[in-house]
>>> print(open('coords.pdb').read())   # PDB, C-alpha atoms
MODEL        1
ATOM      1  CA  MET A 425       0.000   0.000   0.000
ATOM      2  CA  MET A 426       2.857   2.381   0.757
ATOM      3  CA  GLU A 427       4.270   1.937  -2.725
ATOM      4  CA  LYS A 428       0.869   2.446  -4.348
ATOM      5  CA  ALA A 429       0.164   5.539  -2.236
ATOM      6  CA  ALA A 430       3.431   7.224  -3.318
ATOM      7  CA  VAL A 431       3.606   9.245  -0.096
ATOM      8  CA  LYS A 432       5.620  12.475  -0.376
ATOM      9  CA  PRO A 433       7.598  14.240   2.405
ATOM     10  CA  THR A 434       5.163  17.179   2.135
ATOM     11  CA  ASP A 435       1.981  15.077   2.504
ATOM     12  CA  VAL A 436      -0.545  15.340   5.320
ATOM     13  CA  VAL A 437      -1.976  11.828   5.417
ATOM     14  CA  LEU A 438      -5.334  10.764   6.848
ATOM     15  CA  GLU A 439      -5.418   7.197   8.153
ATOM     16  CA  VAL A 440      -8.719   5.705   9.283
ATOM     17  CA  GLY A 441      -8.533   2.850  11.774
ATOM     18  CA  PRO A 442      -4.782   2.639  12.471
ATOM     19  CA  GLY A 443      -5.200  -0.262  14.913
ATOM     20  CA  THR A 444      -1.861  -1.153  16.496
ATOM     21  CA  GLY A 445      -0.006   1.115  14.077
ATOM     22  CA  ASN A 446       1.849  -1.109  11.597
ATOM     23  CA  LEU A 447       0.850   1.050   8.628
ATOM     24  CA  THR A 448       0.971   4.216  10.733
ATOM     25  CA  LEU A 449       4.688   3.791  11.461
ATOM     26  CA  LYS A 450       5.497   3.490   7.761
ATOM     27  CA  LEU A 451       3.378   6.535   6.970
ATOM     28  CA  LEU A 452       5.139   8.557   9.675
ATOM     29  CA  GLU A 453       8.509   7.714   8.141
ATOM     30  CA  ALA A 454       7.444   9.056   4.737
ATOM     31  CA  ALA A 455       4.972  11.889   5.379
ATOM     32  CA  LYS A 456       5.110  15.345   6.896
ATOM     33  CA  LYS A 457       2.188  14.524   9.233
ATOM     34  CA  VAL A 458      -0.246  11.680   9.859
ATOM     35  CA  ILE A 459      -3.772  12.223  11.181
ATOM     36  CA  ALA A 460      -4.942   8.870  12.538
ATOM     37  CA  VAL A 461      -8.623   8.465  13.482
ATOM     38  CA  GLU A 462      -9.351   5.483  15.738
ATOM     39  CA  HIS A 463     -12.728   4.576  17.254
ATOM     40  CA  ASP A 464     -11.488   1.810  19.565
ATOM     41  CA  GLY A 465     -10.090   3.245  22.802
ATOM     42  CA  ARG A 466      -7.926   0.164  23.380
ATOM     43  CA  MET A 467      -6.174   0.692  20.048
ATOM     44  CA  VAL A 468      -5.646   4.367  20.885
ATOM     45  CA  VAL A 469      -3.812   3.410  24.085
ATOM     46  CA  GLU A 470      -1.807   0.742  22.275
ATOM     47  CA  LEU A 471      -0.686   3.155  19.569
ATOM     48  CA  GLN A 472       0.217   5.829  22.105
ATOM     49  CA  LYS A 473       2.382   3.322  23.993
ATOM     50  CA  ARG A 474       4.053   2.124  20.821
ATOM     51  CA  LEU A 475       5.043   5.632  19.739
ATOM     52  CA  HIS A 476       5.842   7.095  23.158
ATOM     53  CA  GLY A 477       9.267   8.683  23.188
ATOM     54  CA  THR A 478       9.952   8.083  19.482
ATOM     55  CA  PRO A 479      10.900  10.852  17.001
ATOM     56  CA  GLU A 480       7.861   9.955  14.883
ATOM     57  CA  ALA A 481       5.423  10.753  17.710
ATOM     58  CA  ARG A 482       5.625  14.494  17.053
ATOM     59  CA  LYS A 483       4.372  13.970  13.496
ATOM     60  CA  LEU A 484       1.252  12.081  14.628
ATOM     61  CA  GLN A 485      -2.149  13.614  15.391
ATOM     62  CA  LEU A 486      -4.173  10.807  16.989
ATOM     63  CA  ILE A 487      -7.923  11.405  17.174
ATOM     64  CA  HIS A 488     -10.108   9.126  19.299
ATOM     65  CA  SER A 489     -13.443   9.369  17.466
ATOM     66  CA  ASP A 490     -15.942   7.753  15.119
ATOM     67  CA  VAL A 491     -14.746   8.986  11.732
ATOM     68  CA  MET A 492     -18.317   9.158  10.426
ATOM     69  CA  LYS A 493     -19.189  11.733  13.120
ATOM     70  CA  LEU A 494     -16.003  13.743  12.731
ATOM     71  CA  ASP A 495     -15.467  16.959  10.803
ATOM     72  CA  LEU A 496     -12.353  15.918   8.956
ATOM     73  CA  PRO A 497      -9.358  18.267   9.204
ATOM     74  CA  PHE A 498      -7.214  19.202   6.225
ATOM     75  CA  PHE A 499      -5.394  16.325   4.484
ATOM     76  CA  ASN A 500      -4.152  15.842   0.942
ATOM     77  CA  LEU A 501      -3.839  12.039   0.924
ATOM     78  CA  CYS A 502      -5.806   9.231   2.565
ATOM     79  CA  VAL A 503      -4.303   5.778   3.146
ATOM     80  CA  ALA A 504      -6.358   3.290   5.119
ATOM     81  CA  ASN A 505      -7.508  -0.280   5.639
ATOM     82  CA  ILE A 506     -11.186   0.415   6.253
ATOM     83  CA  PRO A 507     -13.863  -1.758   7.895
ATOM     84  CA  TYR A 508     -16.406  -3.191   5.463
ATOM     85  CA  GLN A 509     -19.417  -1.863   7.373
ATOM     86  CA  ILE A 510     -18.391   1.743   6.798
ATOM     87  CA  SER A 511     -16.789   1.351   3.369
ATOM     88  CA  SER A 512     -19.516   3.028   1.329
ATOM     89  CA  PRO A 513     -20.380   5.856   3.774
ATOM     90  CA  LEU A 514     -16.682   6.600   4.262
ATOM     91  CA  VAL A 515     -15.956   6.771   0.530
ATOM     92  CA  PHE A 516     -18.707   9.343   0.065
ATOM     93  CA  LYS A 517     -17.685  11.237   3.192
ATOM     94  CA  LEU A 518     -14.217  11.572   1.693
ATOM     95  CA  LEU A 519     -15.616  12.641  -1.680
ATOM     96  CA  SER A 520     -17.814  15.260   0.020
ATOM     97  CA  HIS A 521     -14.824  16.793   1.849
ATOM     98  CA  PRO A 522     -14.784  20.516   0.947
ATOM     99  CA  GLN A 523     -11.002  20.600   0.566
ATOM    100  CA  ARG A 524      -9.890  18.596  -2.444
ATOM    101  CA  PHE A 525      -7.305  15.881  -1.771
ATOM    102  CA  ARG A 526      -4.966  14.148  -4.208
ATOM    103  CA  CYS A 527      -6.291  10.625  -3.801
ATOM    104  CA  ALA A 528      -7.354   7.906  -1.371
ATOM    105  CA  VAL A 529      -5.626   4.520  -1.399
ATOM    106  CA  LEU A 530      -7.912   2.141   0.454
ATOM    107  CA  MET A 531      -7.896  -1.536   1.305
ATOM    108  CA  VAL A 532     -11.455  -2.842   1.146
ATOM    109  CA  GLN A 533     -13.206  -6.169   0.777
ATOM    110  CA  ARG A 534     -12.855  -7.651  -2.709
ATOM    111  CA  GLU A 535     -16.522  -7.496  -3.677
ATOM    112  CA  PHE A 536     -16.801  -3.865  -2.595
ATOM    113  CA  ALA A 537     -13.773  -3.019  -4.740
ATOM    114  CA  GLN A 538     -15.357  -4.807  -7.700
ATOM    115  CA  ARG A 539     -18.546  -2.780  -7.254
ATOM    116  CA  LEU A 540     -16.576   0.464  -7.102
ATOM    117  CA  CYS A 541     -14.789  -0.346 -10.365
ATOM    118  CA  ALA A 542     -17.626  -2.093 -12.216
ATOM    119  CA  LYS A 543     -18.506  -0.957 -15.738
ATOM    120  CA  PRO A 544     -21.819  -1.087 -17.643
ATOM    121  CA  GLY A 545     -22.682  -4.701 -18.386
ATOM    122  CA  ASP A 546     -20.720  -6.112 -15.442
ATOM    123  CA  GLU A 547     -22.696  -8.281 -13.017
ATOM    124  CA  LEU A 548     -21.740  -6.075 -10.047
ATOM    125  CA  TYR A 549     -22.474  -2.755 -11.805
ATOM    126  CA  CYS A 550     -24.701  -0.809  -9.434
ATOM    127  CA  ARG A 551     -25.643   2.585  -8.051
ATOM    128  CA  LEU A 552     -22.394   2.679  -6.076
ATOM    129  CA  SER A 553     -20.411   2.208  -9.303
ATOM    130  CA  VAL A 554     -22.177   5.042 -11.119
ATOM    131  CA  ASN A 555     -22.112   7.523  -8.239
ATOM    132  CA  THR A 556     -18.485   6.927  -7.305
ATOM    133  CA  GLN A 557     -17.271   7.125 -10.893
ATOM    134  CA  LEU A 558     -19.227  10.347 -11.418
ATOM    135  CA  LEU A 559     -17.269  11.983  -8.599
ATOM    136  CA  ALA A 560     -13.891  10.246  -8.928
ATOM    137  CA  LYS A 561     -11.575   8.164 -11.058
ATOM    138  CA  VAL A 562     -11.404   4.678  -9.510
ATOM    139  CA  ASP A 563      -8.654   2.124 -10.167
ATOM    140  CA  HIS A 564      -8.212  -1.411  -8.833
ATOM    141  CA  LEU A 565      -4.540  -1.613  -7.816
ATOM    142  CA  MET A 566      -4.023  -5.103  -6.443
ATOM    143  CA  LYS A 567      -5.599  -8.121  -4.801
ATOM    144  CA  VAL A 568      -4.752  -9.050  -1.219
ATOM    145  CA  SER A 569      -5.317 -12.630  -0.056
ATOM    146  CA  LYS A 570      -7.043 -13.182   3.266
ATOM    147  CA  ASN A 571      -4.054 -15.380   4.160
ATOM    148  CA  SER A 572      -1.928 -12.226   4.305
ATOM    149  CA  PHE A 573      -3.545 -11.387   7.668
ATOM    150  CA  ARG A 574      -3.300 -12.947  11.106
ATOM    151  CA  PRO A 575      -5.886 -14.037  12.037
ATOM    152  CA  PRO A 576      -7.191 -14.304   8.471
ATOM    153  CA  PRO A 577     -10.581 -12.668   7.730
ATOM    154  CA  LYS A 578     -13.333 -14.587   5.964
ATOM    155  CA  VAL A 579     -12.906 -12.871   2.591
ATOM    156  CA  ASP A 580     -10.160 -11.552   0.327
ATOM    157  CA  SER A 581      -9.406  -7.850   0.011
ATOM    158  CA  SER A 582      -8.333  -5.410  -2.684
ATOM    159  CA  VAL A 583      -6.534  -2.082  -2.767
ATOM    160  CA  VAL A 584      -8.215   0.675  -4.768
ATOM    161  CA  ARG A 585      -7.182   4.200  -5.675
ATOM    162  CA  ILE A 586      -9.881   6.898  -5.663
ATOM    163  CA  GLU A 587      -8.950  10.224  -7.229
ATOM    164  CA  PRO A 588     -11.600  12.985  -6.902
ATOM    165  CA  ARG A 589     -12.444  14.734 -10.148
ATOM    166  CA  ASN A 590     -11.192  18.308 -10.080
ATOM    167  CA  PRO A 591     -13.161  20.331 -10.879
ATOM    168  CA  PRO A 592     -16.195  18.286  -9.833
ATOM    169  CA  PRO A 593     -18.738  17.480 -12.566
ATOM    170  CA  PRO A 594     -21.355  20.190 -13.283
ATOM    171  CA  VAL A 595     -24.373  18.258 -12.048
ATOM    172  CA  ASP A 596     -26.776  18.587  -9.135
ATOM    173  CA  PHE A 597     -25.846  15.427  -7.210
ATOM    174  CA  VAL A 598     -29.178  15.211  -5.356
ATOM    175  CA  GLU A 599     -31.011  15.203  -8.690
ATOM    176  CA  TRP A 600     -28.510  12.752 -10.151
ATOM    177  CA  ASP A 601     -28.748  10.331  -7.237
ATOM    178  CA  GLY A 602     -32.552  10.441  -7.298
ATOM    179  CA  LEU A 603     -32.602   9.426 -10.971
ATOM    180  CA  VAL A 604     -29.932   6.743 -10.563
ATOM    181  CA  ARG A 605     -31.742   5.311  -7.535
ATOM    182  CA  LEU A 606     -34.967   4.898  -9.514
ATOM    183  CA  CYS A 607     -33.208   3.423 -12.531
ATOM    184  CA  PHE A 608     -31.334   0.834 -10.458
ATOM    185  CA  ASN A 609     -34.517  -0.265  -8.672
ATOM    186  CA  ARG A 610     -34.796  -2.765 -11.520
ATOM    187  CA  LYS A 611     -31.533  -2.494 -13.389
ATOM    188  CA  ASN A 612     -32.217  -5.394 -15.762
ATOM    189  CA  LYS A 613     -35.593  -4.051 -16.912
ATOM    190  CA  THR A 614     -35.936  -1.599 -19.784
ATOM    191  CA  LEU A 615     -36.296   2.045 -18.785
ATOM    192  CA  GLY A 616     -39.709   2.014 -20.419
ATOM    193  CA  ALA A 617     -40.841  -0.698 -18.010
ATOM    194  CA  VAL A 618     -39.252   1.057 -15.025
ATOM    195  CA  PHE A 619     -40.748   4.486 -15.713
ATOM    196  CA  ARG A 620     -44.227   3.254 -16.578
ATOM    197  CA  GLN A 621     -44.789   1.954 -13.043
ATOM    198  CA  LYS A 622     -47.749   3.830 -11.550
ATOM    199  CA  PRO A 623     -46.136   4.354  -8.109
ATOM    200  CA  LEU A 624     -43.057   5.881  -9.763
ATOM    201  CA  LEU A 625     -45.174   8.134 -11.972
ATOM    202  CA  GLN A 626     -47.088   9.257  -8.905
ATOM    203  CA  LEU A 627     -43.826  10.137  -7.137
ATOM    204  CA  LEU A 628     -42.738  12.190 -10.128
ATOM    205  CA  ALA A 629     -46.152  13.880 -10.277
ATOM    206  CA  ASP A 630     -45.902  14.790  -6.585
ATOM    207  CA  ASN A 631     -42.398  16.117  -7.193
ATOM    208  CA  LEU A 632     -43.603  18.202 -10.127
ATOM    209  CA  LYS A 633     -46.483  19.613  -8.086
ATOM    210  CA  THR A 634     -44.104  20.594  -5.284
ATOM    211  CA  HIS A 635     -41.586  22.059  -7.714
ATOM    212  CA  ARG A 636     -44.244  24.163  -9.410
ATOM    213  CA  ALA A 637     -45.538  25.360  -6.062
ATOM    214  CA  LEU A 638     -42.047  26.467  -5.056
ATOM    215  CA  HIS A 639     -40.845  27.821  -8.365
ATOM    216  CA  GLY A 640     -43.998  28.589 -10.305
ATOM    217  CA  ALA A 641     -44.022  27.266 -13.818
ATOM    218  CA  MET A 642     -40.258  27.661 -14.270
ATOM    219  CA  ARG A 643     -38.592  24.698 -15.889
ATOM    220  CA  GLY A 644     -35.227  23.984 -14.217
ATOM    221  CA  GLY A 645     -32.121  22.542 -15.817
ATOM    222  CA  MET A 646     -29.029  20.856 -14.472
ATOM    223  CA  ALA A 647     -27.073  22.949 -11.979
ATOM    224  CA  GLY A 648     -23.896  24.396 -13.438
ATOM    225  CA  ALA A 649     -21.895  25.177 -10.305
ATOM    226  CA  GLY A 650     -20.549  21.670  -9.813
ATOM    227  CA  VAL A 651     -21.228  19.169  -7.069
ATOM    228  CA  ALA A 652     -21.675  20.864  -3.724
ATOM    229  CA  PRO A 653     -19.995  18.818  -0.964
ATOM    230  CA  GLY A 654     -23.119  19.057   1.193
ATOM    231  CA  ALA A 655     -25.219  17.716  -1.644
ATOM    232  CA  VAL A 656     -23.216  14.475  -1.735
ATOM    233  CA  ALA A 657     -23.567  14.026   2.015
ATOM    234  CA  ALA A 658     -27.283  14.824   1.909
ATOM    235  CA  ALA A 659     -27.957  12.449  -0.958
ATOM    236  CA  VAL A 660     -25.947   9.596   0.477
ATOM    237  CA  GLY A 661     -25.577  10.009   4.203
ATOM    238  CA  GLY A 662     -29.087   9.292   5.409
ATOM    239  CA  ARG A 663     -29.916   6.383   3.119
ATOM    240  CA  GLY A 664     -27.529   3.680   4.260
ATOM    241  CA  PRO A 665     -24.656   2.057   2.375
ATOM    242  CA  LEU A 666     -24.921   2.164  -1.375
ATOM    243  CA  ALA A 667     -23.128  -1.029  -2.132
ATOM    244  CA  ALA A 668     -22.846  -3.692   0.489
ATOM    245  CA  GLU A 669     -25.912  -5.872   0.009
ATOM    246  CA  PRO A 670     -28.563  -4.252  -2.227
ATOM    247  CA  MET A 671     -32.183  -5.366  -2.008
ATOM    248  CA  ASP A 672     -33.357  -7.653  -4.754
ATOM    249  CA  GLU A 673     -35.518  -6.165  -7.473
ATOM    250  CA  ASP A 674     -38.842  -7.355  -6.033
ATOM    251  CA  ALA A 675     -37.993  -5.866  -2.633
ATOM    252  CA  GLN A 676     -36.987  -2.563  -4.215
ATOM    253  CA  ALA A 677     -40.157  -2.447  -6.263
ATOM    254  CA  GLY A 678     -42.161  -3.110  -3.107
ATOM    255  CA  ALA A 679     -40.381  -0.300  -1.293
ATOM    256  CA  LEU A 680     -41.117   2.060  -4.163
ATOM    257  CA  ALA A 681     -44.788   1.137  -4.168
ATOM    258  CA  HIS A 682     -44.974   1.571  -0.403
ATOM    259  CA  SER A 683     -43.340   5.007  -0.497
ATOM    260  CA  ALA A 684     -45.843   6.234  -3.063
ATOM    261  CA  ALA A 685     -48.906   4.490  -1.668
ATOM    262  CA  GLY A 686     -50.190   7.316   0.501
ATOM    263  CA  SER A 687     -50.213  10.032  -2.145
ATOM    264  CA  HIS A 688     -51.273   7.647  -4.897
ATOM    265  CA  ALA A 689     -54.225   6.277  -2.954
ATOM    266  CA  GLY A 690     -55.315   9.517  -1.325
ATOM    267  CA  GLY A 691     -54.674  12.026  -4.075
ATOM    268  CA  SER A 692     -56.024  10.487  -7.239
ATOM    269  CA  GLY A 693     -59.460  12.032  -6.799
ATOM    270  CA  ALA A 694     -58.284  15.499  -5.866
ATOM    271  CA  GLY A 695     -58.922  18.296  -8.335
ATOM    272  CA  GLY A 696     -56.379  18.306 -11.113
ATOM    273  CA  SER A 697     -54.239  15.496  -9.731
ATOM    274  CA  GLY A 698     -55.443  13.011 -12.335
ATOM    275  CA  ASP A 699     -54.569  15.487 -15.068
ATOM    276  CA  LEU A 700     -51.121  15.995 -13.556
ATOM    277  CA  PHE A 701     -50.553  12.231 -13.388
ATOM    278  CA  ARG A 702     -51.434  11.905 -17.075
ATOM    279  CA  GLU A 703     -49.267  14.915 -17.921
ATOM    280  CA  VAL A 704     -46.274  13.340 -16.186
ATOM    281  CA  GLY A 705     -46.906  10.048 -17.972
ATOM    282  CA  ASP A 706     -46.908  11.850 -21.322
ATOM    283  CA  ILE A 707     -43.725  13.770 -20.455
ATOM    284  CA  VAL A 708     -41.912  10.610 -19.362
ATOM    285  CA  GLU A 709     -42.960   8.759 -22.491
ATOM    286  CA  GLY A 710     -41.856  11.659 -24.658
ATOM    287  CA  VAL A 711     -38.444  11.919 -22.972
ATOM    288  CA  LEU A 712     -37.777   8.201 -23.290
ATOM    289  CA  ILE A 713     -38.662   8.255 -26.983
ATOM    290  CA  ALA A 714     -36.718  11.454 -27.706
ATOM    291  CA  THR A 715     -33.566  10.192 -25.985
ATOM    292  CA  GLY A 716     -33.876   6.703 -27.445
ATOM    293  CA  PHE A 717     -33.658   5.087 -23.999
ATOM    294  CA  SER A 718     -37.093   3.469 -23.832
ATOM    295  CA  GLU A 719     -35.701   0.011 -24.634
ATOM    296  CA  GLU A 720     -32.351   0.513 -22.891
ATOM    297  CA  ARG A 721     -31.560  -1.285 -19.625
ATOM    298  CA  THR A 722     -29.954   0.465 -16.652
ATOM    299  CA  ALA A 723     -27.338  -2.285 -16.350
ATOM    300  CA  LYS A 724     -25.954  -1.291 -19.772
ATOM    301  CA  MET A 725     -26.027   2.519 -19.389
ATOM    302  CA  ASP A 726     -22.937   4.642 -18.725
ATOM    303  CA  GLN A 727     -22.484   8.065 -17.130
ATOM    304  CA  ASP A 728     -23.057   9.963 -20.358
ATOM    305  CA  ASP A 729     -26.358   8.138 -20.817
ATOM    306  CA  PHE A 730     -27.554   9.082 -17.317
ATOM    307  CA  LEU A 731     -26.430  12.696 -17.813
ATOM    308  CA  LYS A 732     -28.329  12.895 -21.100
ATOM    309  CA  LEU A 733     -31.438  11.367 -19.519
ATOM    310  CA  LEU A 734     -31.324  13.685 -16.497
ATOM    311  CA  ALA A 735     -30.883  16.769 -18.684
ATOM    312  CA  ALA A 736     -33.854  15.745 -20.848
ATOM    313  CA  PHE A 737     -36.118  15.174 -17.840
ATOM    314  CA  ASN A 738     -35.048  18.422 -16.145
ATOM    315  CA  GLU A 739     -35.676  20.357 -19.374
ATOM    316  CA  LYS A 740     -39.271  19.123 -19.295
ATOM    317  CA  GLY A 741     -39.700  20.039 -15.631
ATOM    318  CA  ILE A 742     -39.288  16.536 -14.166
ATOM    319  CA  HIS A 743     -37.075  16.486 -11.070
ATOM    320  CA  PHE A 744     -35.760  13.651  -8.902
ATOM    321  CA  ALA A 745     -34.692  15.295  -5.640
ATOM    322  CA  GLY A 746     -36.379  13.344  -2.856
ATOM    323  CA  CYS A 747     -37.152  10.291  -4.997
TER     324      CYS A 747
ENDMDL
END
>>> encode(input="coords.pdb", output="structure tokens")
Amino acid sequence: MMEKAAVKPTDVVLEVGPGTGNLTLKLLEAAKKVIAVEHDGRMVVELQKRLHGTPEARKLQLIHSDVMKLDLPFFNLCVANIPYQISSPLVFKLLSHPQRFRCAVLMVQREFAQRLCAKPGDELYCRLSVNTQLLAKVDHLMKVSKNSFRPPPKVDSSVVRIEPRNPPPPVDFVEWDGLVRLCFNRKNKTLGAVFRQKPLLQLLADNLKTHRALHGAMRGGMAGAGVAPGAVAAAVGGRGPLAAEPMDEDAQAGALAHSAAGSHAGGSGAGGSGDLFREVGDIVEGVLIATGFSEERTAKMDQDDFLKLLAAFNEKGIHFAGC
């Protein structure tokens, strides 16, 4: 990992979960400063003992905290062996950091790494793949056998390099994530089949009604100021991990139907709501035909496809924030 990270003498390195400090010591030898964040108090004490009285101790800032609850200080490189249960939230926390960093070199479980790097058509291609690759360049660097550890974990690991895109892409991430979430509800279905679901159309109709109430009849487009760091955290932070174990398609479809049930059941007879539902259906159908995506499947679509689809929907007044 040290070789892959290419640590420079001027680097301020963030390490998450230093444990007993094997990697930390190597980082301290190469970097200007190491900020180590450790949640386990026993490991904090162990690391303090190990470094007590050494020249490297002055270069270490040891923080006893849950990294997911911490406002991260300045760093320009992240090197860490991260726990699987926080892999996805941590990746997006790093990518939402307001101060751009050079890259993150992370050891993660093999399947998570494969999801991060997956391309359209791959079996593991998912919402995590699309969102991460929108915000960063992701490379799989090497495989690490579980037998390299004592005691060995249950699964193999991989080292990945995540380099944030600078400048960030000119897209409203909340809108983007809402669209991608809906598309990946049934990634092997055609977009025509996905977007003709009545609960989904009702959600979009409710969104359109709210948007018109807030902004009149103005038709919004894609935001041009880039991805706001808070937008990434807002879109990702409260919804659980994006990658670990996604629901199957039937479960996702059930969740979608449940989320729309109240407004769909209670609002269909209200004045004008039926007209709005039909209007949204016509808009969706028109966008899918105009973009040529009606018969396309989410599992085969790349970033440019999603950007084109989002722009077309936004141009017609259809928005996905909150979906």
>>> residues_around(input="coords.pdb", residues="Glu535 in chain A", least_positions_apart="2", cutoff="10 Å", atoms="all atoms listed in the file", output="MDAnalysis selection string")
chainID A and resid 532:533 537:541 548 579:582 667:668
>>> resolve_selection(input="coords.pdb", expression="the PyMOL selection byres ((chain A and resi 558) around 9)", output="list in words")
Ser553, Val554, Asn555, Thr556, Gln557, Leu559, Ala560, Lys561, Arg589, Pro592, Pro593 and Gln727 of chain A
>>> closest_residue(input="coords.pdb", among="A:Asn631, A:Ser489, A:Ser512, A:Thr614", to="Leu530 in chain A", atoms="all atoms listed in the file")
A:Ser512
>>> axis_aligned_box(input="coords.pdb", around="range 621-636 of chain A", padding_each_side="8 Å", output="lines of an AutoDock Vina configuration file")
center_x = -44.7
center_y = 13.1
center_z = -9.2
size_x = 22.2
size_y = 38.2
size_z = 23.8
>>> resolve_selection(input="coords.pdb", expression="the PyMOL selection byres ((chain A and resi 708-711) around 10)", output="list in words")
Gly616, Phe619, Arg620, Leu625, Leu628, Arg702, Glu703, Val704, Gly705, Asp706, Ile707, Leu712, Ile713, Ala714, Thr715, Gly716, Phe717, Ser718, Leu733, Leu734, Ala735, Ala736, Phe737, Glu739, Lys740 and Ile742 of chain A
>>> residues_near_point(input="coords.pdb", point="(-28.7, 1.5, -11.9)", cutoff="9 Å", atoms="only C-alpha atoms", output="list in words")
Tyr549, Cys550, Arg551, Leu552, Ser553, Val554, Leu603, Val604, Arg605, Leu606, Cys607, Phe608, Asn609, Arg610, Lys611, Asn612, Arg721, Thr722, Ala723, Lys724 and Met725 of chain A
>>> residues_around(input="coords.pdb", residues="range 474-478 of chain A", least_positions_apart="6", cutoff="9 Å", atoms="only C-alpha atoms", output="list in words")
Thr444, Gly445 and Leu449 of chain A
>>> residues_around(input="coords.pdb", residues="range 427-429 of chain A", least_positions_apart="2", cutoff="6 Å", atoms="all atoms listed in the file", output="number ranges by chain")
A: 425, 431, 529
>>> closest_residue(input="coords.pdb", among="A:Arg526, A:Lys578, A:Lys456, A:Lys493", to="Pro513 in chain A", atoms="all atoms listed in the file")
A:Lys493
>>> residues_around(input="coords.pdb", residues="Gln485 in chain A", least_positions_apart="6", cutoff="12 Å", atoms="only C-alpha atoms", output="compact mmCIF listing (two decimals) with C-alpha atoms, in the coordinates of the input")
# COMPACT_ATOMS: atom_id res chain seq x y z
CA VAL A 436 -0.55 15.34 5.32
CA VAL A 437 -1.98 11.83 5.42
CA LEU A 438 -5.33 10.76 6.85
CA GLU A 439 -5.42 7.20 8.15
CA VAL A 440 -8.72 5.70 9.28
CA PRO A 442 -4.78 2.64 12.47
CA THR A 448 0.97 4.22 10.73
CA LEU A 452 5.14 8.56 9.68
CA LYS A 456 5.11 15.34 6.90
CA LYS A 457 2.19 14.52 9.23
CA VAL A 458 -0.25 11.68 9.86
CA ILE A 459 -3.77 12.22 11.18
CA ALA A 460 -4.94 8.87 12.54
CA VAL A 461 -8.62 8.46 13.48
CA GLU A 462 -9.35 5.48 15.74
CA VAL A 468 -5.65 4.37 20.88
CA LEU A 471 -0.69 3.16 19.57
CA GLN A 472 0.22 5.83 22.10
CA LEU A 475 5.04 5.63 19.74
CA PRO A 497 -9.36 18.27 9.20
CA PHE A 498 -7.21 19.20 6.22
CA PHE A 499 -5.39 16.32 4.48
>>> atom_distance(input="coords.pdb", atom1="CA of Gln626 in chain A", atom2="CA of Asp699 in chain A")
11.5 Å
>>> decode(input="coords.pdb", residues="range 486-499 of chain A", atoms="N, CA and C atoms", output="short mmCIF file (atom, residue, chain, number, x, y, z; two decimals), in the first residue's frame")
data_model
loop_
_atom_site.label_atom_id
_atom_site.label_comp_id
_atom_site.auth_asym_id
_atom_site.auth_seq_id
_atom_site.Cartn_x
_atom_site.Cartn_y
_atom_site.Cartn_z
N LEU A 486 -3.31 11.96 16.73
CA LEU A 486 -4.17 10.81 16.99
C LEU A 486 -5.51 11.30 17.53
N ILE A 487 -6.57 10.96 16.81
CA ILE A 487 -7.92 11.41 17.17
C ILE A 487 -8.75 10.19 17.57
N HIS A 488 -9.25 10.21 18.81
CA HIS A 488 -10.11 9.13 19.30
C HIS A 488 -11.56 9.51 18.99
N SER A 489 -12.10 8.97 17.90
CA SER A 489 -13.44 9.37 17.47
C SER A 489 -13.97 8.40 16.42
N ASP A 490 -15.29 8.43 16.24
CA ASP A 490 -15.94 7.75 15.12
C ASP A 490 -15.76 8.64 13.89
N VAL A 491 -15.06 8.16 12.88
CA VAL A 491 -14.75 8.99 11.73
C VAL A 491 -16.00 9.49 11.02
N MET A 492 -17.10 8.74 11.10
CA MET A 492 -18.32 9.16 10.43
C MET A 492 -18.99 10.34 11.12
N LYS A 493 -18.62 10.61 12.38
CA LYS A 493 -19.19 11.73 13.12
C LYS A 493 -18.21 12.90 13.23
N LEU A 494 -17.08 12.77 12.58
CA LEU A 494 -16.00 13.74 12.73
C LEU A 494 -15.97 14.71 11.55
N ASP A 495 -15.77 16.00 11.86
CA ASP A 495 -15.47 16.96 10.80
C ASP A 495 -13.99 16.79 10.46
N LEU A 496 -13.73 16.26 9.31
CA LEU A 496 -12.35 15.92 8.96
C LEU A 496 -11.49 17.17 8.81
N PRO A 497 -10.29 17.15 9.38
CA PRO A 497 -9.36 18.27 9.20
C PRO A 497 -8.74 18.23 7.81
N PHE A 498 -7.88 19.18 7.51
CA PHE A 498 -7.21 19.20 6.23
C PHE A 498 -6.30 17.98 6.07
N PHE A 499 -6.34 17.37 4.89
CA PHE A 499 -5.39 16.33 4.48
C PHE A 499 -5.32 16.36 2.96
#
